[in-house]
$ cat run07.txt   # compact mmCIF, C-alpha atoms and all ligand atoms
# COMPACT_ATOMS: atom_id res chain seq x y z
CA MET A 1 80.61 85.93 121.12
CA ALA A 2 80.95 86.56 117.41
CA ARG A 3 81.47 90.19 116.41
CA ILE A 4 79.55 91.51 113.44
CA VAL A 5 81.46 94.07 111.37
CA VAL A 6 79.66 95.94 108.60
CA VAL A 7 81.66 97.51 105.76
CA THR A 8 79.57 100.43 104.58
CA SER A 9 79.81 103.77 102.79
CA GLY A 10 76.59 105.10 101.31
CA LYS A 11 78.28 106.04 98.04
CA GLY A 12 78.96 103.28 95.55
CA GLY A 13 82.30 102.18 94.17
CA VAL A 14 84.46 103.52 96.98
CA GLY A 15 86.09 100.21 97.92
CA LYS A 16 83.71 98.33 100.26
CA THR A 17 84.11 94.95 98.58
CA THR A 18 87.87 95.38 98.21
CA THR A 19 88.00 96.25 101.92
CA SER A 20 85.68 93.41 103.00
CA ALA A 21 87.82 90.84 101.19
CA ALA A 22 91.10 92.23 102.50
CA PHE A 23 89.85 92.76 106.04
CA GLY A 24 88.24 89.32 106.25
CA ALA A 25 91.37 87.63 104.93
CA GLY A 26 93.47 89.64 107.40
CA LEU A 27 91.36 88.60 110.38
CA ALA A 28 91.50 84.96 109.28
CA ARG A 29 95.24 85.13 108.78
CA ALA A 30 95.54 86.40 112.35
CA GLY A 31 93.88 83.18 113.45
CA HIS A 32 90.27 84.32 113.84
CA ARG A 33 87.51 82.25 112.31
CA THR A 34 86.03 84.69 109.83
CA VAL A 35 83.19 84.71 107.33
CA VAL A 36 82.60 87.47 104.79
CA VAL A 37 78.95 87.85 103.83
CA ASP A 38 77.93 89.49 100.55
CA PHE A 39 74.77 91.59 101.13
CA ASP A 40 74.74 93.00 97.61
CA VAL A 41 71.69 91.11 96.35
CA GLY A 42 71.53 91.07 92.56
CA LEU A 43 75.11 92.34 92.20
CA ARG A 44 77.17 89.52 93.63
CA ASN A 45 80.87 90.44 93.38
CA LEU A 46 82.63 89.39 96.53
CA ASP A 47 83.03 85.88 95.10
CA LEU A 48 84.98 87.28 92.13
CA ILE A 49 87.20 89.50 94.28
CA MET A 50 87.96 86.52 96.53
CA GLY A 51 88.47 84.16 93.61
CA CYS A 52 85.80 81.58 94.40
CA GLU A 53 83.13 82.46 91.83
CA ARG A 54 83.23 79.01 90.25
CA ARG A 55 82.51 77.31 93.54
CA VAL A 56 79.23 79.11 94.24
CA VAL A 57 76.37 76.61 94.43
CA TYR A 58 73.99 78.05 96.99
CA ASP A 59 73.70 81.59 98.29
CA PHE A 60 72.45 83.74 101.15
CA VAL A 61 68.84 83.75 99.90
CA ASN A 62 68.80 79.96 99.43
CA VAL A 63 69.74 79.64 103.10
CA ILE A 64 67.02 82.08 104.17
CA HIS A 65 64.45 80.13 102.16
CA GLY A 66 65.64 76.83 103.61
CA GLU A 67 66.72 75.53 100.18
CA ALA A 68 70.21 74.89 101.51
CA ASN A 69 71.85 74.87 104.91
CA LEU A 70 74.71 77.15 105.87
CA ASN A 71 77.32 74.47 105.39
CA GLN A 72 76.23 73.89 101.82
CA ALA A 73 76.30 77.59 101.00
CA LEU A 74 79.56 78.57 102.70
CA ILE A 75 82.67 78.52 100.51
CA ARG A 76 85.89 77.79 102.39
CA ASP A 77 88.89 79.73 101.14
CA LYS A 78 91.65 77.54 99.71
CA ARG A 79 94.54 79.87 100.53
CA VAL A 80 93.67 81.08 104.02
CA ASP A 81 92.56 78.82 106.87
CA ASN A 82 89.62 80.00 108.96
CA LEU A 83 88.18 82.02 106.08
CA ALA A 84 84.82 81.47 104.38
CA ILE A 85 82.43 83.47 102.28
CA LEU A 86 78.66 83.47 101.98
CA PRO A 87 77.80 84.64 98.46
CA ALA A 88 74.93 86.99 97.62
CA SER A 89 72.02 85.89 95.54
CA GLN A 90 71.79 87.03 91.93
CA THR A 91 68.02 87.37 92.15
CA ARG A 92 66.49 90.61 90.95
CA ASP A 93 64.01 90.53 93.80
CA LYS A 94 65.25 93.33 96.05
CA ASP A 95 63.10 92.07 98.91
CA ALA A 96 64.71 88.63 98.92
CA LEU A 97 66.50 89.47 102.16
CA THR A 98 64.15 89.70 105.11
CA GLN A 99 65.04 91.00 108.53
CA GLU A 100 64.12 87.69 110.21
CA GLY A 101 66.00 85.75 107.54
CA VAL A 102 69.14 87.82 108.00
CA GLU A 103 68.95 87.47 111.77
CA LYS A 104 68.59 83.70 111.52
CA VAL A 105 71.57 83.37 109.17
CA LEU A 106 73.75 85.62 111.34
CA GLU A 107 72.84 83.58 114.41
CA GLY A 108 73.83 80.43 112.58
CA LEU A 109 77.15 81.95 111.50
CA ALA A 110 77.83 83.18 115.04
CA GLU A 111 77.99 79.58 116.21
CA GLU A 112 80.95 78.84 113.97
CA PHE A 113 82.79 82.13 113.47
CA ASP A 114 84.51 84.79 115.58
CA TYR A 115 84.01 87.58 113.04
CA ILE A 116 81.18 88.10 110.58
CA VAL A 117 82.16 90.76 108.02
CA CYS A 118 79.15 92.14 106.14
CA ASP A 119 79.89 93.67 102.73
CA SER A 120 77.13 96.24 102.32
CA PRO A 121 75.62 97.31 99.01
CA ALA A 122 75.83 100.99 98.08
CA GLY A 123 73.02 103.35 98.99
CA ILE A 124 70.96 103.69 102.13
CA GLU A 125 68.07 101.48 101.09
CA ARG A 126 66.93 98.14 102.41
CA GLY A 127 70.07 96.12 101.58
CA ALA A 128 72.40 98.62 103.21
CA HIS A 129 70.08 98.88 106.19
CA LEU A 130 69.99 95.11 106.71
CA ALA A 131 73.77 94.87 106.36
CA MET A 132 74.30 97.37 109.19
CA TYR A 133 71.32 96.51 111.40
CA TYR A 134 72.95 93.80 113.54
CA ALA A 135 76.47 95.28 113.51
CA ASP A 136 78.74 95.67 116.50
CA ASP A 137 81.43 97.52 114.52
CA ALA A 138 81.24 99.55 111.33
CA LEU A 139 84.06 100.20 108.89
CA VAL A 140 83.03 103.38 107.13
CA VAL A 141 84.84 103.37 103.79
CA THR A 142 85.40 106.87 102.44
CA ASN A 143 87.21 108.33 99.45
CA PRO A 144 88.76 111.78 99.93
CA GLU A 145 86.14 113.44 97.79
CA VAL A 146 83.06 115.56 98.59
CA SER A 147 80.19 113.21 97.76
CA SER A 148 81.80 110.23 99.45
CA VAL A 149 82.46 112.19 102.66
CA ARG A 150 78.94 113.56 102.74
CA ASP A 151 77.45 110.09 102.21
CA SER A 152 79.66 108.68 104.94
CA ASP A 153 78.26 111.26 107.32
CA ARG A 154 74.73 110.21 106.44
CA VAL A 155 75.69 106.60 107.07
CA LEU A 156 77.08 107.59 110.47
CA GLY A 157 73.69 109.10 111.24
CA LEU A 158 71.99 105.81 110.32
CA LEU A 159 74.45 103.77 112.38
CA SER A 160 73.54 105.80 115.44
CA SER A 161 69.78 105.55 114.92
CA LYS A 162 68.71 102.67 112.68
CA THR A 163 70.65 99.73 114.09
CA ARG A 164 69.61 97.15 116.62
CA ARG A 165 72.07 98.56 119.15
CA ALA A 166 70.57 102.03 118.72
CA GLU A 167 66.99 100.81 118.92
CA ARG A 168 67.67 98.84 122.06
CA GLY A 169 69.62 101.66 123.67
CA GLU A 170 72.72 99.46 123.98
CA ASP A 171 76.31 100.64 123.54
CA PRO A 172 76.48 102.28 120.10
CA VAL A 173 77.97 100.58 117.05
CA LYS A 174 81.73 101.21 117.11
CA GLU A 175 82.59 103.35 114.10
CA HIS A 176 85.95 103.18 112.33
CA LEU A 177 87.00 105.31 109.39
CA ILE A 178 88.88 103.77 106.48
CA VAL A 179 90.02 106.28 103.88
CA THR A 180 90.71 104.52 100.59
CA ARG A 181 92.10 105.50 97.18
CA TYR A 182 94.30 108.05 98.90
CA SER A 183 96.76 109.85 96.75
CA PRO A 184 99.37 111.73 98.80
CA SER A 185 100.77 113.51 95.77
CA ARG A 186 97.39 114.99 94.91
CA VAL A 187 96.87 115.95 98.54
CA GLY A 188 100.26 117.68 98.40
CA LYS A 189 99.12 119.68 95.41
CA GLY A 190 95.95 120.70 97.20
CA GLU A 191 93.73 118.81 94.77
CA MET A 192 92.49 116.23 97.24
CA LEU A 193 91.13 116.38 100.77
CA SER A 194 93.73 115.21 103.27
CA VAL A 195 93.15 112.47 105.84
CA GLU A 196 93.15 115.19 108.51
CA ASP A 197 90.40 117.06 106.65
CA VAL A 198 88.23 113.95 106.36
CA CYS A 199 88.77 113.07 110.05
CA GLU A 200 87.92 116.60 111.11
CA ILE A 201 84.68 116.65 109.14
CA LEU A 202 83.47 113.19 110.13
CA SER A 203 85.02 113.19 113.62
CA ILE A 204 85.37 109.44 114.00
CA ASN A 205 88.34 107.28 114.82
CA LEU A 206 90.70 106.67 111.87
CA LEU A 207 91.46 102.97 111.49
CA GLY A 208 93.34 102.95 108.20
CA VAL A 209 94.40 104.81 105.08
CA ILE A 210 94.66 102.76 101.90
CA PRO A 211 96.60 104.39 99.07
CA GLU A 212 95.40 104.50 95.48
CA SER A 213 97.26 101.49 94.14
CA THR A 214 97.61 99.45 90.98
CA ALA A 215 97.94 96.40 93.24
CA VAL A 216 94.18 96.54 93.89
CA LEU A 217 93.28 96.04 90.23
CA ASN A 218 95.93 93.34 89.86
CA ALA A 219 94.59 91.50 92.89
CA SER A 220 91.02 91.69 91.65
CA ASN A 221 92.11 90.41 88.24
CA ALA A 222 93.65 87.43 89.97
CA GLY A 223 90.76 86.91 92.40
CA MET A 224 92.93 87.40 95.46
CA PRO A 225 92.29 89.71 98.41
CA VAL A 226 94.92 92.45 98.05
CA ILE A 227 96.12 91.92 101.64
CA LEU A 228 97.69 88.65 100.44
CA ASP A 229 99.95 90.69 98.15
CA GLU A 230 102.29 91.38 101.01
CA LYS A 231 104.74 93.44 98.99
CA SER A 232 102.15 95.91 97.80
CA ASP A 233 101.45 99.26 99.47
CA ALA A 234 97.69 98.61 99.60
CA GLY A 235 98.28 95.11 101.00
CA GLN A 236 100.50 96.47 103.76
CA ALA A 237 98.07 99.28 104.50
CA TYR A 238 95.25 96.76 104.93
CA ASP A 239 97.50 94.61 107.11
CA ASP A 240 98.12 97.62 109.39
CA THR A 241 94.39 98.31 109.43
CA VAL A 242 93.53 94.80 110.61
CA ALA A 243 96.28 94.89 113.24
CA ARG A 244 94.94 98.19 114.62
CA PHE A 245 91.44 96.77 114.69
CA LEU A 246 92.77 93.90 116.76
CA GLY A 247 94.30 96.35 119.22
CA GLU A 248 97.86 96.75 118.01
CA LYS A 249 99.40 100.23 117.80
CA ARG A 250 100.81 100.92 114.36
CA ASP A 251 101.74 104.20 112.72
CA HIS A 252 99.99 105.19 109.53
CA ARG A 253 102.12 104.70 106.44
CA PHE A 254 101.72 105.83 102.84
CA LEU A 255 100.55 109.28 103.91
CA THR A 256 103.26 111.19 102.13
CA ASP A 257 104.35 111.39 98.56
CA LYS A 258 106.99 108.83 97.79
CA LYS A 259 108.18 110.85 94.84
CA GLY A 260 111.43 112.78 95.17
CA LEU A 261 112.09 116.47 95.33
CA PHE A 262 112.55 116.64 91.57
CA SER A 263 109.01 115.66 90.67
CA LYS A 264 107.68 117.81 93.50
CA LEU A 265 109.42 120.88 92.14
CA PHE A 266 108.31 120.22 88.62
CA GLY A 267 104.80 119.04 89.46
CA GLY A 268 105.28 115.46 88.15
CA MET B 1 105.39 134.57 97.13
CA GLY B 2 107.39 133.07 94.28
CA PHE B 3 106.22 132.27 90.81
CA LEU B 4 105.76 128.56 91.52
CA ASP B 5 103.93 129.24 94.78
CA TYR B 6 101.44 131.32 92.90
CA PHE B 7 100.23 128.28 90.98
CA ARG B 8 100.46 126.17 94.11
CA SER B 9 98.15 128.37 96.12
CA GLU B 10 95.65 128.47 93.28
CA ARG B 11 95.58 124.72 93.28
CA ARG B 12 95.54 124.45 97.05
CA ALA B 13 92.23 126.26 96.93
CA SER B 14 90.37 123.31 95.43
CA ALA B 15 90.76 120.96 98.41
CA SER B 16 90.15 123.70 100.93
CA VAL B 17 87.02 124.83 99.08
CA ALA B 18 85.86 121.21 99.24
CA LYS B 19 86.52 121.11 102.96
CA GLU B 20 84.61 124.31 103.66
CA ARG B 21 81.61 123.24 101.61
CA LEU B 22 81.56 119.88 103.34
CA GLN B 23 81.69 121.43 106.79
CA VAL B 24 78.67 123.57 105.98
CA ILE B 25 76.53 120.85 104.42
CA VAL B 26 77.41 118.23 107.01
CA ALA B 27 76.57 120.60 109.87
CA ARG B 28 73.25 121.40 108.24
CA GLU B 29 72.35 117.78 107.62
CA ARG B 30 73.32 116.78 111.14
CA SER B 31 71.07 119.40 112.69
CA GLY B 32 68.05 118.01 110.84
CA ARG B 33 68.84 114.46 111.84
CA GLY B 34 66.75 112.48 114.27
CA GLY B 35 63.87 114.94 113.94
CA PRO B 36 60.65 114.26 112.07
CA ASP B 37 60.86 113.76 108.30
CA TYR B 38 58.89 116.93 107.56
CA LEU B 39 61.50 119.24 109.11
CA PRO B 40 63.42 120.11 105.91
CA ALA B 41 60.18 120.95 104.05
CA LEU B 42 58.94 123.00 107.00
CA GLN B 43 62.27 124.82 107.10
CA ASN B 44 62.01 125.67 103.40
CA GLU B 45 58.47 126.94 103.64
CA ILE B 46 59.24 129.14 106.63
CA LEU B 47 62.18 130.56 104.68
CA GLU B 48 59.95 131.27 101.68
CA VAL B 49 57.42 133.09 103.83
CA ILE B 50 60.10 135.24 105.45
CA GLN B 51 61.67 136.02 102.10
CA ARG B 52 58.29 137.31 100.94
CA TYR B 53 58.55 140.10 103.53
CA THR B 54 62.26 140.78 103.75
CA SER B 55 65.44 139.67 102.09
CA VAL B 56 67.35 137.11 104.10
CA ASP B 57 70.04 134.60 103.18
CA ASP B 58 69.05 131.09 102.13
CA ASP B 59 70.55 129.73 105.33
CA ALA B 60 68.83 132.27 107.58
CA VAL B 61 66.38 129.78 109.04
CA LYS B 62 67.62 127.17 111.48
CA ILE B 63 65.17 124.66 112.77
CA GLN B 64 65.47 121.77 115.17
CA VAL B 65 63.51 119.61 117.55
CA GLU B 66 64.78 119.35 121.09
CA ARG B 67 63.64 117.02 123.76
CA ASP B 68 62.82 118.65 127.09
CA GLY B 69 61.65 116.07 129.58
CA ASP B 70 58.40 114.71 128.20
CA CYS B 71 57.94 117.55 125.70
CA GLU B 72 59.40 118.06 122.27
CA VAL B 73 60.25 121.66 121.53
CA LEU B 74 60.40 122.93 117.97
CA GLU B 75 63.05 125.61 117.87
CA VAL B 76 63.09 128.03 114.94
CA ASN B 77 65.87 130.59 114.64
CA VAL B 78 65.77 133.28 111.99
CA THR B 79 68.78 135.48 111.38
CA LEU B 80 67.90 138.87 109.92
CA PRO B 81 70.49 140.90 108.01
CA ALA B 82 72.48 143.48 109.97
CA ASP B 83 70.93 146.56 108.29
CA HIS B 84 67.52 145.93 109.78
N1 LIG C 301 92.99 101.50 97.00
C1 LIG C 301 92.57 101.38 95.74
N2 LIG C 301 93.38 101.73 94.69
C2 LIG C 301 92.95 101.63 93.42
N3 LIG C 301 91.74 101.19 93.06
C3 LIG C 301 90.89 100.82 94.04
C4 LIG C 301 91.23 100.91 95.42
N4 LIG C 301 90.18 100.47 96.15
C5 LIG C 301 89.22 100.14 95.27
N5 LIG C 301 89.62 100.34 93.99
C6 LIG C 301 88.86 100.10 92.77
O1 LIG C 301 87.63 100.78 92.86
C7 LIG C 301 86.60 100.03 92.25
C8 LIG C 301 85.45 99.83 93.22
O2 LIG C 301 85.89 99.02 94.30
P1 LIG C 301 84.90 98.09 95.10
O3 LIG C 301 84.17 97.17 94.18
O4 LIG C 301 85.65 97.49 96.22
O5 LIG C 301 83.89 99.19 95.63
P2 LIG C 301 82.47 98.98 96.32
O6 LIG C 301 82.35 100.09 97.31
O7 LIG C 301 82.34 97.60 96.83
O8 LIG C 301 81.48 99.20 95.10
P3 LIG C 301 79.87 98.95 95.11
O9 LIG C 301 79.29 100.13 95.84
O10 LIG C 301 79.51 98.93 93.67
O11 LIG C 301 79.63 97.66 95.83
C9 LIG C 301 87.22 98.73 91.78
O12 LIG C 301 87.52 98.84 90.42
C10 LIG C 301 88.49 98.63 92.60
O13 LIG C 301 89.49 97.93 91.91
MG MG C 302 80.76 96.16 96.50
$ encode --input "run07.txt" --output "structure tokens"
Amino acid sequence: MARIVVVTSGKGGVGKTTTSAAFGAGLARAGHRTVVVDFDVGLRNLDLIMGCERRVVYDFVNVIHGEANLNQALIRDKRVDNLAILPASQTRDKDALTQEGVEKVLEGLAEEFDYIVCDSPAGIERGAHLAMYYADDALVVTNPEVSSVRDSDRVLGLLSSKTRRAERGEDPVKEHLIVTRYSPSRVGKGEMLSVEDVCEILSINLLGVIPESTAVLNASNAGMPVILDEKSDAGQAYDDTVARFLGEKRDHRFLTDKKGLFSKLFGG
Amino acid sequence: MGFLDYFRSERRASASVAKERLQVIVARERSGRGGPDYLPALQNEILEVIQRYTSVDDDAVKIQVERDGDCEVLEVNVTLPADH
């Protein structure tokens, strides 16, 4: 059975697409057949982050409309085996995704893949709802900042009421917290909510903490999921996150300031 | 408390203020969840009516729908100030 994993947040710009690309690449690298699906209709970006924007011919909506089959629309990653992406449509028609259409496409993908990672658009409107509706797992991406945490809590409310699992009274969607853009030095100075604070407020299981990192921008410039930058802090943090998701026990890293005593004393 | 700590604790306040505010708003939003969509408006109007007669805090009215067997029970709690 394929598992459907939605990457969601409510608030925009917190790192959903970065996380979808890294997480999908990590699952594929661990040997699981994985597809990352871009649900951000009108604002296609996953293709750029994963470096395959020039190979997009058909998209999600073309498949729903029967203008292309899944095989024509899927783009197979050239660096990582077992990894594919299904690009979003650039149409401005916000209703281009239909519930039946999404279900049909997901069923088709489930025949070929072990994991279907759904990169949700921001907000709590139709697109975000469709991205989470069929999910088995949810990665709730949160920045340590008031509006992001509040929006994540709203999303948790939707996951427990507006998903197929909730409507059918099945086991609930499994929720995992991913705190991104974490800056231990600012937490140390009391300027930023700590991971503990965020966990306490949201009370869900913490899957990973991704530090604020220049490697993320570099990776997106190059069109490479940051997890493939194995030397980088963010890449390693995503690698830990995937391993934990797959059941491995790993300690959280990058939670403390790497700066020395000197800069601590003098507020560097 | 040393000179440096003084500035530290001032700064520390910002994240802890954020945490406290979040705990309050998240608790409030959770309590309204799952109920009918009109609950927040109803809550506000009840508050306005009460404030017409006496002065209470803006968070004095708590409202929620509970399921009791086949019935839904609308529970309204109003906290009056201590000096009443
Ligand atoms: N750990 C990180 N360190 C530094 N920058 C980051 C990190 N994670 C994400 N970013 C940056 O934040 C910005 C938004 O990231 P991303 O596009 O992944 O967010 P999103 O949630 O998908 O946004 P949208 O809601 O618009 O779809 C990008 O510029 C990205 O490079
Ligand atoms: Mg995005």
$ closest_atom_pairs --input "run07.txt" --of "chain A" --to "ligand LIG 301 (chain C)" --cutoff "9 Å" --atoms "only C-alpha atoms and all ligand atoms" --output "JSON lines"
{"residue": "A:Val7", "atom": "CA", "partner": "C:LIG301", "partner_atom": "O6", "distance": 8.9}
{"residue": "A:Thr8", "atom": "CA", "partner": "C:LIG301", "partner_atom": "O6", "distance": 7.8}
{"residue": "A:Ser9", "atom": "CA", "partner": "C:LIG301", "partner_atom": "O6", "distance": 7.1}
{"residue": "A:Gly10", "atom": "CA", "partner": "C:LIG301", "partner_atom": "O9", "distance": 7.9}
{"residue": "A:Lys11", "atom": "CA", "partner": "C:LIG301", "partner_atom": "O9", "distance": 6.4}
{"residue": "A:Gly12", "atom": "CA", "partner": "C:LIG301", "partner_atom": "O9", "distance": 3.2}
{"residue": "A:Gly13", "atom": "CA", "partner": "C:LIG301", "partner_atom": "O8", "distance": 3.2}
{"residue": "A:Val14", "atom": "CA", "partner": "C:LIG301", "partner_atom": "O6", "distance": 4.0}
{"residue": "A:Gly15", "atom": "CA", "partner": "C:LIG301", "partner_atom": "O4", "distance": 3.2}
{"residue": "A:Lys16", "atom": "CA", "partner": "C:LIG301", "partner_atom": "O6", "distance": 3.7}
{"residue": "A:Thr17", "atom": "CA", "partner": "C:LIG301", "partner_atom": "O7", "distance": 3.6}
{"residue": "A:Thr18", "atom": "CA", "partner": "C:LIG301", "partner_atom": "O4", "distance": 3.7}
{"residue": "A:Thr19", "atom": "CA", "partner": "C:LIG301", "partner_atom": "O4", "distance": 6.3}
{"residue": "A:Ser20", "atom": "CA", "partner": "C:LIG301", "partner_atom": "O4", "distance": 7.9}
{"residue": "A:Ala21", "atom": "CA", "partner": "C:LIG301", "partner_atom": "O4", "distance": 8.6}
{"residue": "A:Asp40", "atom": "CA", "partner": "C:LIG301", "partner_atom": "O11", "distance": 7.0}
{"residue": "A:Leu43", "atom": "CA", "partner": "C:LIG301", "partner_atom": "O11", "distance": 7.9}
{"residue": "A:Arg44", "atom": "CA", "partner": "C:LIG301", "partner_atom": "O11", "distance": 8.8}
{"residue": "A:Asn45", "atom": "CA", "partner": "C:LIG301", "partner_atom": "O3", "distance": 7.5}
{"residue": "A:Leu46", "atom": "CA", "partner": "C:LIG301", "partner_atom": "O7", "distance": 8.2}
{"residue": "A:Ile49", "atom": "CA", "partner": "C:LIG301", "partner_atom": "O3", "distance": 8.2}
{"residue": "A:Asp119", "atom": "CA", "partner": "C:LIG301", "partner_atom": "O7", "distance": 7.5}
{"residue": "A:Ser120", "atom": "CA", "partner": "C:LIG301", "partner_atom": "O11", "distance": 7.1}
{"residue": "A:Pro121", "atom": "CA", "partner": "C:LIG301", "partner_atom": "O11", "distance": 5.1}
{"residue": "A:Ala122", "atom": "CA", "partner": "C:LIG301", "partner_atom": "O9", "distance": 4.2}
{"residue": "A:Gly123", "atom": "CA", "partner": "C:LIG301", "partner_atom": "O9", "distance": 7.7}
{"residue": "A:Val141", "atom": "CA", "partner": "C:LIG301", "partner_atom": "O6", "distance": 7.7}
{"residue": "A:Val179", "atom": "CA", "partner": "C:LIG301", "partner_atom": "N1", "distance": 8.9}
{"residue": "A:Thr180", "atom": "CA", "partner": "C:LIG301", "partner_atom": "N1", "distance": 5.2}
{"residue": "A:Arg181", "atom": "CA", "partner": "C:LIG301", "partner_atom": "N1", "distance": 4.1}
{"residue": "A:Tyr182", "atom": "CA", "partner": "C:LIG301", "partner_atom": "N1", "distance": 6.9}
{"residue": "A:Val209", "atom": "CA", "partner": "C:LIG301", "partner_atom": "N1", "distance": 8.8}
{"residue": "A:Ile210", "atom": "CA", "partner": "C:LIG301", "partner_atom": "N1", "distance": 5.3}
{"residue": "A:Pro211", "atom": "CA", "partner": "C:LIG301", "partner_atom": "N1", "distance": 5.1}
{"residue": "A:Glu212", "atom": "CA", "partner": "C:LIG301", "partner_atom": "N2", "distance": 3.5}
{"residue": "A:Ser213", "atom": "CA", "partner": "C:LIG301", "partner_atom": "N2", "distance": 3.9}
{"residue": "A:Thr214", "atom": "CA", "partner": "C:LIG301", "partner_atom": "C2", "distance": 5.7}
{"residue": "A:Ala215", "atom": "CA", "partner": "C:LIG301", "partner_atom": "N2", "distance": 7.2}
{"residue": "A:Val216", "atom": "CA", "partner": "C:LIG301", "partner_atom": "C2", "distance": 5.3}
{"residue": "A:Leu217", "atom": "CA", "partner": "C:LIG301", "partner_atom": "O13", "distance": 4.6}
{"residue": "A:Asn218", "atom": "CA", "partner": "C:LIG301", "partner_atom": "O13", "distance": 8.2}
{"residue": "A:Ala219", "atom": "CA", "partner": "C:LIG301", "partner_atom": "O13", "distance": 8.3}
{"residue": "A:Ser220", "atom": "CA", "partner": "C:LIG301", "partner_atom": "O13", "distance": 6.4}
{"residue": "A:Asn221", "atom": "CA", "partner": "C:LIG301", "partner_atom": "O13", "distance": 8.8}
{"residue": "A:Ala234", "atom": "CA", "partner": "C:LIG301", "partner_atom": "N1", "distance": 6.1}
$ write_last_selection --input "run07.txt" --atoms "C-alpha atoms" --output "PDB file, in the coordinates of the input"
ATOM      1  CA  VAL A   7      81.660  97.510 105.760  1.00  0.00           C
ATOM      2  CA  THR A   8      79.570 100.430 104.580  1.00  0.00           C
ATOM      3  CA  SER A   9      79.810 103.770 102.790  1.00  0.00           C
ATOM      4  CA  GLY A  10      76.590 105.100 101.310  1.00  0.00           C
ATOM      5  CA  LYS A  11      78.280 106.040  98.040  1.00  0.00           C
ATOM      6  CA  GLY A  12      78.960 103.280  95.550  1.00  0.00           C
ATOM      7  CA  GLY A  13      82.300 102.180  94.170  1.00  0.00           C
ATOM      8  CA  VAL A  14      84.460 103.520  96.980  1.00  0.00           C
ATOM      9  CA  GLY A  15      86.090 100.210  97.920  1.00  0.00           C
ATOM     10  CA  LYS A  16      83.710  98.330 100.260  1.00  0.00           C
ATOM     11  CA  THR A  17      84.110  94.950  98.580  1.00  0.00           C
ATOM     12  CA  THR A  18      87.870  95.380  98.210  1.00  0.00           C
ATOM     13  CA  THR A  19      88.000  96.250 101.920  1.00  0.00           C
ATOM     14  CA  SER A  20      85.680  93.410 103.000  1.00  0.00           C
ATOM     15  CA  ALA A  21      87.820  90.840 101.190  1.00  0.00           C
ATOM     16  CA  ASP A  40      74.740  93.000  97.610  1.00  0.00           C
ATOM     17  CA  LEU A  43      75.110  92.340  92.200  1.00  0.00           C
ATOM     18  CA  ARG A  44      77.170  89.520  93.630  1.00  0.00           C
ATOM     19  CA  ASN A  45      80.870  90.440  93.380  1.00  0.00           C
ATOM     20  CA  LEU A  46      82.630  89.390  96.530  1.00  0.00           C
ATOM     21  CA  ILE A  49      87.200  89.500  94.280  1.00  0.00           C
ATOM     22  CA  ASP A 119      79.890  93.670 102.730  1.00  0.00           C
ATOM     23  CA  SER A 120      77.130  96.240 102.320  1.00  0.00           C
ATOM     24  CA  PRO A 121      75.620  97.310  99.010  1.00  0.00           C
ATOM     25  CA  ALA A 122      75.830 100.990  98.080  1.00  0.00           C
ATOM     26  CA  GLY A 123      73.020 103.350  98.990  1.00  0.00           C
ATOM     27  CA  VAL A 141      84.840 103.370 103.790  1.00  0.00           C
ATOM     28  CA  VAL A 179      90.020 106.280 103.880  1.00  0.00           C
ATOM     29  CA  THR A 180      90.710 104.520 100.590  1.00  0.00           C
ATOM     30  CA  ARG A 181      92.100 105.500  97.180  1.00  0.00           C
ATOM     31  CA  TYR A 182      94.300 108.050  98.900  1.00  0.00           C
ATOM     32  CA  VAL A 209      94.400 104.810 105.080  1.00  0.00           C
ATOM     33  CA  ILE A 210      94.660 102.760 101.900  1.00  0.00           C
ATOM     34  CA  PRO A 211      96.600 104.390  99.070  1.00  0.00           C
ATOM     35  CA  GLU A 212      95.400 104.500  95.480  1.00  0.00           C
ATOM     36  CA  SER A 213      97.260 101.490  94.140  1.00  0.00           C
ATOM     37  CA  THR A 214      97.610  99.450  90.980  1.00  0.00           C
ATOM     38  CA  ALA A 215      97.940  96.400  93.240  1.00  0.00           C
ATOM     39  CA  VAL A 216      94.180  96.540  93.890  1.00  0.00           C
ATOM     40  CA  LEU A 217      93.280  96.040  90.230  1.00  0.00           C
ATOM     41  CA  ASN A 218      95.930  93.340  89.860  1.00  0.00           C
ATOM     42  CA  ALA A 219      94.590  91.500  92.890  1.00  0.00           C
ATOM     43  CA  SER A 220      91.020  91.690  91.650  1.00  0.00           C
ATOM     44  CA  ASN A 221      92.110  90.410  88.240  1.00  0.00           C
ATOM     45  CA  ALA A 234      97.690  98.610  99.600  1.00  0.00           C
TER      46      ALA A 234
END
$ residues_around --input "run07.txt" --residues "Ile25 in chain B" --least-positions-apart "3" --cutoff "12 Å" --atoms "all atoms listed in the file" --output "list in words"
Val146, Ser147, Val149, Arg150, Asp151, Asp153, Arg154, Ile201 and Leu202 of chain A; Ala18, Lys19, Glu20, Arg21, Leu22, Arg28, Glu29, Arg30, Ser31, Gly32 and Asp59 of chain B
$ closest_residue --input "run07.txt" --among "A:Glu170, A:Glu67, A:Asp197, A:Glu175" --to "chain B" --atoms "only C-alpha atoms"
A:Asp197
$ residues_around --input "run07.txt" --residues "Leu48 in chain A" --least-positions-apart "6" --cutoff "10 Å" --atoms "all atoms listed in the file" --output "PyMOL selection string"
chain A and resi 54+87+220-225
$ atom_distance --input "run07.txt" --atom1 "CA of Cys118 in chain A" --atom2 "CA of Ala135 in chain A"
8.4 Å
$ residues_near_point --input "run07.txt" --point "(68.2, 92.2, 96.5)" --cutoff "9 Å" --atoms "all atoms listed in the file" --output "PyMOL selection string"
chain A and resi 39-43+88-97+126-127
$ residues_around --input "run07.txt" --residues "Glu107 in chain A" --least-positions-apart "2" --cutoff "12 Å" --atoms "all atoms listed in the file" --output "list in words"
Met1, Ala2, Arg3, Ile4, Ile64, Leu70, Glu100, Gly101, Val102, Glu103, Lys104, Val105, Leu109, Ala110, Glu111, Glu112, Phe113, Asp114, Tyr115, Ile116 and Tyr134 of chain A
